[in-house]
$ cat structure-v4.cif   # mmCIF, C-alpha atoms
data_my_file
loop_
_atom_site.label_atom_id
_atom_site.label_comp_id
_atom_site.auth_asym_id
_atom_site.auth_seq_id
_atom_site.Cartn_x
_atom_site.Cartn_y
_atom_site.Cartn_z
CA THR A 1 -219.48 -25.02 15.21
CA ALA A 2 -222.42 -22.63 15.43
CA HIS A 3 -224.21 -25.00 17.81
CA ASP A 4 -221.19 -25.21 20.12
CA TYR A 5 -220.81 -21.44 20.20
CA THR A 6 -224.47 -20.94 21.10
CA TRP A 7 -224.12 -23.55 23.85
CA LEU A 8 -221.00 -21.82 25.19
CA VAL A 9 -222.71 -18.43 25.39
CA ALA A 10 -225.86 -19.88 26.94
CA THR A 11 -223.91 -21.87 29.55
CA THR A 12 -221.62 -18.95 30.39
CA ALA A 13 -224.58 -16.60 30.75
CA ALA A 14 -226.45 -19.03 33.00
CA VAL A 15 -223.47 -19.53 35.31
CA LEU A 16 -222.69 -15.81 35.49
CA ARG A 17 -226.25 -14.97 36.42
CA MET A 18 -226.19 -17.55 39.19
CA VAL A 19 -223.05 -16.13 40.82
CA ALA A 20 -223.63 -12.48 39.87
CA PRO A 21 -227.28 -11.69 39.09
CA GLU A 22 -226.31 -8.17 38.03
CA ALA A 23 -223.88 -9.47 35.38
CA GLN A 24 -224.46 -8.46 31.78
CA VAL A 25 -223.55 -10.72 28.89
CA SER A 26 -222.74 -9.25 25.48
CA VAL A 27 -221.76 -10.90 22.20
CA ASP A 28 -219.95 -9.24 19.29
CA ILE A 29 -221.63 -9.80 15.93
CA PRO A 30 -220.61 -8.72 12.39
CA TRP A 31 -222.14 -5.72 10.65
CA SER A 32 -224.54 -7.99 8.76
CA PRO A 33 -226.01 -11.41 9.62
CA TYR A 34 -225.28 -12.75 6.16
CA ASP A 35 -221.89 -14.43 5.71
CA VAL A 36 -219.58 -11.55 6.62
CA ASP A 37 -216.04 -12.96 6.72
CA ARG A 38 -217.68 -16.42 6.71
CA ARG A 39 -219.11 -15.87 10.19
CA ASN A 40 -222.42 -17.70 10.28
CA TYR A 41 -223.89 -18.47 13.68
CA ASP A 42 -227.24 -19.05 15.34
CA TRP A 43 -228.02 -15.38 15.81
CA ARG A 44 -231.43 -15.95 17.39
CA GLY A 45 -229.94 -18.47 19.80
CA LEU A 46 -227.20 -16.03 20.79
CA ALA A 47 -229.76 -13.24 21.24
CA ALA A 48 -231.83 -15.46 23.53
CA SER A 49 -228.88 -15.91 25.91
CA ALA A 50 -227.12 -12.55 25.70
CA ASP A 51 -228.31 -9.29 27.20
CA LEU A 52 -227.08 -7.35 24.21
CA LEU A 53 -225.45 -7.86 20.81
CA PHE A 54 -222.65 -5.50 19.80
CA VAL A 55 -222.85 -4.86 16.04
CA MET A 56 -219.30 -4.37 14.74
CA ALA A 57 -220.05 -1.77 12.07
CA TYR A 58 -216.45 -1.37 11.00
CA ASP A 59 -213.83 -3.19 8.92
CA MET A 60 -216.55 -3.27 6.30
CA GLN A 61 -213.93 -3.47 3.55
CA SER A 62 -212.55 -6.75 4.89
CA GLN A 63 -213.79 -8.42 1.72
CA ILE A 64 -213.52 -6.31 -1.43
CA TRP A 65 -215.03 -8.10 -4.40
CA GLY A 66 -214.80 -5.27 -6.92
CA ARG A 67 -212.08 -2.79 -7.79
CA CYS A 68 -209.20 -2.88 -5.30
CA VAL A 69 -209.25 0.73 -4.10
CA ALA A 70 -209.21 2.51 -0.75
CA SER A 71 -212.61 3.42 0.67
CA ALA A 72 -214.50 4.09 3.88
CA ASN A 73 -214.21 1.82 6.89
CA ASP A 74 -217.95 2.09 7.60
CA PRO A 75 -220.00 3.63 4.75
CA LEU A 76 -223.16 5.09 6.28
CA ALA A 77 -225.53 3.47 3.78
CA LEU A 78 -223.94 0.08 4.40
CA VAL A 79 -224.18 0.55 8.17
CA GLU A 80 -227.88 1.26 7.75
CA ARG A 81 -228.35 -1.75 5.49
CA GLY A 82 -226.64 -4.05 7.96
CA LEU A 83 -228.67 -2.77 10.90
CA SER A 84 -231.88 -3.16 8.89
CA GLN A 85 -230.99 -6.78 8.20
CA TRP A 86 -230.46 -7.39 11.90
CA VAL A 87 -233.70 -5.79 13.07
CA HIS A 88 -235.70 -7.73 10.48
CA LEU A 89 -234.53 -11.08 11.85
CA GLU A 90 -237.37 -12.71 13.75
CA GLY A 91 -236.65 -12.99 17.45
CA LEU A 92 -233.96 -10.31 17.45
CA PRO A 93 -235.39 -6.98 18.68
CA ALA A 94 -233.64 -3.67 18.02
CA SER A 95 -233.66 -3.08 21.78
CA LYS A 96 -231.02 -5.79 22.12
CA LEU A 97 -228.61 -4.25 19.58
CA VAL A 98 -225.73 -1.86 20.27
CA LEU A 99 -224.12 -0.09 17.31
CA GLY A 100 -220.33 -0.35 17.44
CA VAL A 101 -218.39 2.27 15.47
CA PRO A 102 -214.65 2.71 14.76
CA TRP A 103 -212.53 5.21 16.63
CA TYR A 104 -209.71 4.48 14.21
CA GLY A 105 -209.00 4.67 10.52
CA TYR A 106 -207.07 2.92 7.76
CA ASP A 107 -203.82 4.19 6.28
CA TYR A 108 -203.56 2.85 2.72
CA PRO A 109 -200.35 2.99 0.65
CA CYS A 110 -201.37 3.88 -2.91
CA GLU A 111 -199.98 1.71 -5.72
CA ARG A 112 -198.95 2.52 -9.29
CA ASP A 113 -201.69 2.34 -11.90
CA ALA A 114 -201.84 -0.19 -14.77
CA ALA A 115 -199.58 2.03 -16.89
CA GLY A 116 -196.95 2.13 -14.16
CA ARG A 117 -197.58 5.77 -13.22
CA GLU A 118 -196.72 6.80 -9.66
CA PRO A 119 -199.54 7.94 -7.36
CA GLN A 120 -199.95 11.71 -7.23
CA PRO A 121 -200.29 13.73 -4.00
CA ASP A 122 -203.75 15.01 -4.91
CA GLN A 123 -205.23 11.99 -6.65
CA ASP A 124 -208.72 10.92 -5.68
CA VAL A 125 -208.56 7.16 -6.29
CA CYS A 126 -205.97 5.16 -4.34
CA LEU A 127 -205.23 1.78 -5.90
CA LEU A 128 -204.39 -0.93 -3.36
CA ARG A 129 -202.10 -3.92 -3.32
CA PRO A 130 -204.46 -6.93 -3.49
CA VAL A 131 -204.49 -8.78 -0.17
CA PRO A 132 -206.96 -11.70 -0.28
CA PHE A 133 -209.14 -12.45 2.73
CA GLN A 134 -211.77 -15.16 3.27
CA GLY A 135 -212.20 -15.80 -0.44
CA ALA A 136 -212.21 -12.15 -1.54
CA PRO A 137 -209.36 -11.03 -3.83
CA CYS A 138 -208.80 -7.73 -1.99
CA SER A 139 -209.25 -6.45 1.57
CA ASP A 140 -208.57 -3.61 4.00
CA ALA A 141 -205.50 -5.57 5.16
CA ALA A 142 -203.66 -3.63 2.43
CA GLY A 143 -203.19 -0.86 4.99
CA PRO A 144 -202.61 -0.64 8.75
CA GLN A 145 -205.09 0.77 11.24
CA ARG A 146 -204.33 4.13 12.86
CA PRO A 147 -205.79 5.40 16.17
CA TYR A 148 -208.00 8.47 15.77
CA ALA A 149 -205.65 10.52 17.95
CA GLU A 150 -202.70 9.62 15.74
CA ILE A 151 -204.60 10.69 12.63
CA LEU A 152 -205.34 14.06 14.24
CA GLN A 153 -201.66 14.42 15.07
CA MET A 154 -200.72 13.78 11.42
CA LEU A 155 -203.07 16.56 10.34
CA ARG A 156 -201.79 19.02 12.93
CA GLN A 157 -198.25 18.36 11.69
CA GLY A 158 -199.34 19.30 8.18
CA ARG A 159 -198.32 15.99 6.65
CA ASN A 160 -201.41 15.85 4.42
CA THR A 161 -201.13 16.69 0.72
CA THR A 162 -204.88 17.23 0.35
CA ALA A 163 -207.42 18.85 2.61
CA VAL A 164 -209.68 16.58 4.62
CA LYS A 165 -212.87 16.09 2.65
CA MET A 166 -216.10 14.36 3.56
CA ASP A 167 -216.92 11.73 0.96
CA PRO A 168 -220.53 12.44 -0.08
CA LEU A 169 -221.50 8.79 -0.57
CA SER A 170 -219.99 7.14 2.49
CA HIS A 171 -220.20 10.21 4.74
CA SER A 172 -216.65 9.51 5.90
CA PRO A 173 -213.62 11.85 5.92
CA THR A 174 -210.49 11.13 3.91
CA PHE A 175 -207.19 12.76 2.95
CA ASN A 176 -203.87 11.99 1.27
CA TYR A 177 -200.39 12.40 2.71
CA ARG A 178 -196.79 11.69 1.78
CA ALA A 179 -195.11 9.01 3.90
CA ASP A 180 -191.51 9.10 5.08
CA ASP A 181 -190.49 6.84 2.16
CA GLY A 182 -191.98 9.34 -0.31
CA GLY A 183 -195.00 7.22 -1.17
CA ILE A 184 -198.53 8.62 -1.30
CA HIS A 185 -201.01 7.25 1.23
CA GLN A 186 -204.75 7.73 1.59
CA VAL A 187 -206.38 7.73 5.01
CA TRP A 188 -210.03 6.92 5.65
CA PHE A 189 -211.35 7.49 9.15
CA ASP A 190 -214.23 8.78 11.25
CA CYS A 191 -214.60 12.06 13.11
CA PRO A 192 -217.24 13.57 15.42
CA GLN A 193 -219.27 14.80 12.42
CA SER A 194 -219.36 11.43 10.64
CA LEU A 195 -219.94 9.48 13.84
CA ALA A 196 -222.84 11.73 14.84
CA LEU A 197 -224.68 10.57 11.71
CA ARG A 198 -224.22 6.95 12.75
CA TYR A 199 -225.32 7.66 16.32
CA GLN A 200 -228.43 9.41 15.00
CA LEU A 201 -229.17 6.38 12.83
CA ALA A 202 -228.91 4.06 15.83
CA ALA A 203 -231.31 6.25 17.81
CA ALA A 204 -233.80 6.48 14.92
CA MET A 205 -233.84 2.68 14.60
CA GLY A 206 -234.51 2.19 18.30
CA LEU A 207 -231.24 0.46 19.14
CA ARG A 208 -230.33 -0.13 22.76
CA GLY A 209 -227.15 1.89 22.62
CA ILE A 210 -223.89 2.76 20.93
CA GLY A 211 -220.28 1.80 21.53
CA SER A 212 -216.86 2.04 19.94
CA TRP A 213 -213.79 0.06 19.07
CA ASN A 214 -212.25 1.33 21.06
CA ILE A 215 -212.08 4.14 23.60
CA GLU A 216 -208.31 3.79 24.08
CA LEU A 217 -207.75 4.86 20.46
CA LEU A 218 -208.65 8.39 21.50
CA TYR A 219 -205.64 8.39 23.83
CA GLN A 220 -202.97 6.60 21.76
CA PRO A 221 -200.06 6.51 21.21
CA THR A 222 -199.95 8.77 24.30
CA PRO A 223 -202.77 10.21 26.43
CA ASP A 224 -202.01 13.75 25.22
CA THR A 225 -201.73 12.96 21.49
CA ALA A 226 -205.20 14.45 20.94
CA THR A 227 -205.92 17.90 22.34
CA SER A 228 -208.54 18.41 25.04
CA ALA A 229 -210.81 20.10 22.49
CA GLU A 230 -210.51 17.15 20.10
CA ILE A 231 -211.29 14.69 22.90
CA GLN A 232 -214.26 16.77 24.02
CA ALA A 233 -215.61 16.91 20.46
CA MET A 234 -215.40 13.13 20.12
CA TRP A 235 -217.30 12.56 23.35
CA GLY A 236 -219.71 15.37 22.49
CA ALA A 237 -220.79 13.53 19.36
CA VAL A 238 -222.01 10.67 21.54
CA ASP A 239 -224.72 12.98 22.88
CA THR A 240 -226.48 12.90 19.51
CA PHE A 241 -227.66 9.38 20.32
CA PHE A 242 -229.51 10.81 23.31
CA GLY A 243 -231.04 13.64 21.34
CA SER A 244 -228.68 16.45 22.31
CA THR A 245 -225.68 18.08 20.63
#
$ encode --input "structure-v4.cif" --output "structure tokens"
Amino acid sequence: TAHDYTWLVATTAAVLRMVAPEAQVSVDIPWSPYDVDRRNYDWRGLAASADLLFVMAYDMQSQIWGRCVASANDPLALVERGLSQWVHLEGLPASKLVLGVPWYGYDYPCERDAAGREPQPDQDVCLLRPVPFQGAPCSDAAGPQRPYAEILQMLRQGRNTTAVKMDPLSHSPTFNYRADDGGIHQVWFDCPQSLALRYQLAAAMGLRGIGSWNIELLYQPTPDTATSAEIQAMWGAVDTFFGST
């Protein structure tokens, strides 16, 4: 229950601080405090015990209530809305929040349309196979996650059937490619340019810091999948939180 979870965090934090006063306790929280994936806890109670709260601003298509189509993992406007909801909760200061962003993307297989027509290599809208989740009729579980480095590798290999474009509403990059089985897929991910906008937002709202899920995805499936320049660009974007580029 919510009460038990709050007690667990409070007790763990108290014990840790007794044996290791320098210990830092963090708690992962969803992108919004309001019933995301049916996660409803005592947020103020958790904030009182934890040193920081890590806002998981990703997997934001885990519950799709409208048309079942591929879209951004973390639309910028929705990230801002979720953060605004957190900072307006009484007893939960922005200085205790860390914005977590995705260093991965989703690889969605596109389905036939209602008339049975096959997906086209350059089509804009990618219809998804409905995969219910937590009461919603559709979800991002329709496609697997891909590490950022693996997505870069796909692009270097020229597997894409469309150029990478930045979606003007979500401020997230996307492209289509043809899979080994001949099917058309649509990939939505984040890059240094899109992440810089989210880091700037976190700084403007006075958040404590930024983080990612997760750093290893820049070095998978092998440490040299991404080039040194690509790795440097990803880390360079982090500097925007601190006011430098």
$ resolve_selection --input "structure-v4.cif" --expression "the PyMOL selection byres ((chain A and resi 75-87) around 7)" --output "list in words"
Trp31, Ser32, Pro33, Ala57, Ala72, Asn73, Asp74, His88, Leu89, Leu92, Pro93, Ala94, Ser170, His171, Ser172 and Arg198 of chain A
$ residues_around --input "structure-v4.cif" --residues "Gly45 (chain A)" --least-positions-apart "5" --cutoff "10 Å" --atoms "all atoms listed in the file" --output "number ranges by chain"
A: 2-3, 5-7, 9-10, 50, 91-92
$ closest_residue --input "structure-v4.cif" --among "A:Tyr219, A:Tyr106, A:Tyr199, A:Trp213" --to "Gly236 (chain A)" --atoms "only C-alpha atoms"
A:Tyr199
$ closest_residue --input "structure-v4.cif" --among "A:Pro130, A:Pro192, A:Pro223, A:Gly100" --to "Leu207 (chain A)" --atoms "only C-alpha atoms"
A:Gly100
$ resolve_selection --input "structure-v4.cif" --expression "the PyMOL selection byres ((chain A and resi 175) around 7)" --output "PyMOL selection string"
chain A and resi 160+162-165+174+176-177+186-187
$ resolve_selection --input "structure-v4.cif" --expression "the PyMOL selection byres ((chain A and resi 184) around 7)" --output "PDB file with C-alpha atoms, in the frame of the given file"
ATOM      1  CA  PRO A 109    -200.350   2.990   0.650  1.00  0.00           C
ATOM      2  CA  CYS A 110    -201.370   3.880  -2.910  1.00  0.00           C
ATOM      3  CA  PRO A 119    -199.540   7.940  -7.360  1.00  0.00           C
ATOM      4  CA  GLN A 120    -199.950  11.710  -7.230  1.00  0.00           C
ATOM      5  CA  PRO A 121    -200.290  13.730  -4.000  1.00  0.00           C
ATOM      6  CA  ASN A 176    -203.870  11.990   1.270  1.00  0.00           C
ATOM      7  CA  TYR A 177    -200.390  12.400   2.710  1.00  0.00           C
ATOM      8  CA  ARG A 178    -196.790  11.690   1.780  1.00  0.00           C
ATOM      9  CA  ALA A 179    -195.110   9.010   3.900  1.00  0.00           C
ATOM     10  CA  GLY A 182    -191.980   9.340  -0.310  1.00  0.00           C
ATOM     11  CA  GLY A 183    -195.000   7.220  -1.170  1.00  0.00           C
ATOM     12  CA  HIS A 185    -201.010   7.250   1.230  1.00  0.00           C
ATOM     13  CA  GLN A 186    -204.750   7.730   1.590  1.00  0.00           C
TER      14      GLN A 186
END
$ atom_distance --input "structure-v4.cif" --atom1 "CA of Ile29 (chain A)" --atom2 "CA of Leu52 (chain A)"
10.2 Å
$ closest_residue --input "structure-v4.cif" --among "A:Thr12, A:Gln193, A:Gln220, A:Ser49" --to "Val238 (chain A)" --atoms "only C-alpha atoms"
A:Gln193
$ atom_distance --input "structure-v4.cif" --atom1 "CA of Ala70 (chain A)" --atom2 "CA of Asn214 (chain A)"
22.1 Å
$ atom_distance --input "structure-v4.cif" --atom1 "CA of Gln232 (chain A)" --atom2 "CA of Trp103 (chain A)"
13.8 Å
$ residues_around --input "structure-v4.cif" --residues "Leu53 (chain A)" --least-positions-apart "4" --cutoff "9 Å" --atoms "only C-alpha atoms" --output "PDB file with C-alpha atoms, in the coordinates of the input"
ATOM      1  CA  VAL A  25    -223.550 -10.720  28.890  1.00  0.00           C
ATOM      2  CA  SER A  26    -222.740  -9.250  25.480  1.00  0.00           C
ATOM      3  CA  VAL A  27    -221.760 -10.900  22.200  1.00  0.00           C
ATOM      4  CA  ASP A  28    -219.950  -9.240  19.290  1.00  0.00           C
ATOM      5  CA  ILE A  29    -221.630  -9.800  15.930  1.00  0.00           C
ATOM      6  CA  LEU A  46    -227.200 -16.030  20.790  1.00  0.00           C
ATOM      7  CA  ALA A  47    -229.760 -13.240  21.240  1.00  0.00           C
ATOM      8  CA  LYS A  96    -231.020  -5.790  22.120  1.00  0.00           C
ATOM      9  CA  LEU A  97    -228.610  -4.250  19.580  1.00  0.00           C
ATOM     10  CA  VAL A  98    -225.730  -1.860  20.270  1.00  0.00           C
ATOM     11  CA  LEU A  99    -224.120  -0.090  17.310  1.00  0.00           C
TER      12      LEU A  99
END
$ residues_around --input "structure-v4.cif" --residues "Pro221 (chain A)" --least-positions-apart "2" --cutoff "9 Å" --atoms "all atoms listed in the file" --output "list in words"
Pro147, Ala149, Glu150, Leu217, Leu218, Tyr219, Pro223, Asp224 and Thr225 of chain A
$ closest_residue --input "structure-v4.cif" --among "A:Phe133, A:Phe54, A:Trp235, A:Tyr104" --to "Trp188 (chain A)" --atoms "all atoms listed in the file"
A:Tyr104
$ closest_residue --input "structure-v4.cif" --among "A:Met56, A:Ile64, A:Ala226, A:Val15" --to "Gln153 (chain A)" --atoms "only C-alpha atoms"
A:Ala226
$ residues_around --input "structure-v4.cif" --residues "Val36 (chain A)" --least-positions-apart "6" --cutoff "9 Å" --atoms "all atoms listed in the file" --output "ChimeraX atom specification"
/A:30,60,62-63
$ closest_residue --input "structure-v4.cif" --among "A:Leu169, A:Ala204, A:Ala237, A:Val101" --to "Val55 (chain A)" --atoms "only C-alpha atoms"
A:Val101
$ axis_aligned_box --input "structure-v4.cif" --around "region 24-39 of chain A" --padding-each-side "4 Å" --output "AutoDock Vina command-line options"
--center_x -221.0 --center_y -11.1 --center_z 18.7 --size_x 18.0 --size_y 18.7 --size_z 34.1
$ residues_near_point --input "structure-v4.cif" --point "(-210.2, -0.6, -3.0)" --cutoff "10 Å" --atoms "all atoms listed in the file" --output "JSON list (two decimals) with C-alpha atoms, in the coordinates of the input"
[["chain", "number", "residue", "atom", "x", "y", "z"],
["A", 61, "GLN", "CA", -213.93, -3.47, 3.55],
["A", 63, "GLN", "CA", -213.79, -8.42, 1.72],
["A", 64, "ILE", "CA", -213.52, -6.31, -1.43],
["A", 65, "TRP", "CA", -215.03, -8.10, -4.40],
["A", 66, "GLY", "CA", -214.80, -5.27, -6.92],
["A", 67, "ARG", "CA", -212.08, -2.79, -7.79],
["A", 68, "CYS", "CA", -209.20, -2.88, -5.30],
["A", 69, "VAL", "CA", -209.25, 0.73, -4.10],
["A", 70, "ALA", "CA", -209.21, 2.51, -0.75],
["A", 71, "SER", "CA", -212.61, 3.42, 0.67],
["A", 72, "ALA", "CA", -214.50, 4.09, 3.88],
["A", 108, "TYR", "CA", -203.56, 2.85, 2.72],
["A", 110, "CYS", "CA", -201.37, 3.88, -2.91],
["A", 125, "VAL", "CA", -208.56, 7.16, -6.29],
["A", 126, "CYS", "CA", -205.97, 5.16, -4.34],
["A", 127, "LEU", "CA", -205.23, 1.78, -5.90],
["A", 128, "LEU", "CA", -204.39, -0.93, -3.36],
["A", 129, "ARG", "CA", -202.10, -3.92, -3.32],
["A", 130, "PRO", "CA", -204.46, -6.93, -3.49],
["A", 138, "CYS", "CA", -208.80, -7.73, -1.99],
["A", 139, "SER", "CA", -209.25, -6.45, 1.57],
["A", 140, "ASP", "CA", -208.57, -3.61, 4.00],
["A", 142, "ALA", "CA", -203.66, -3.63, 2.43]]
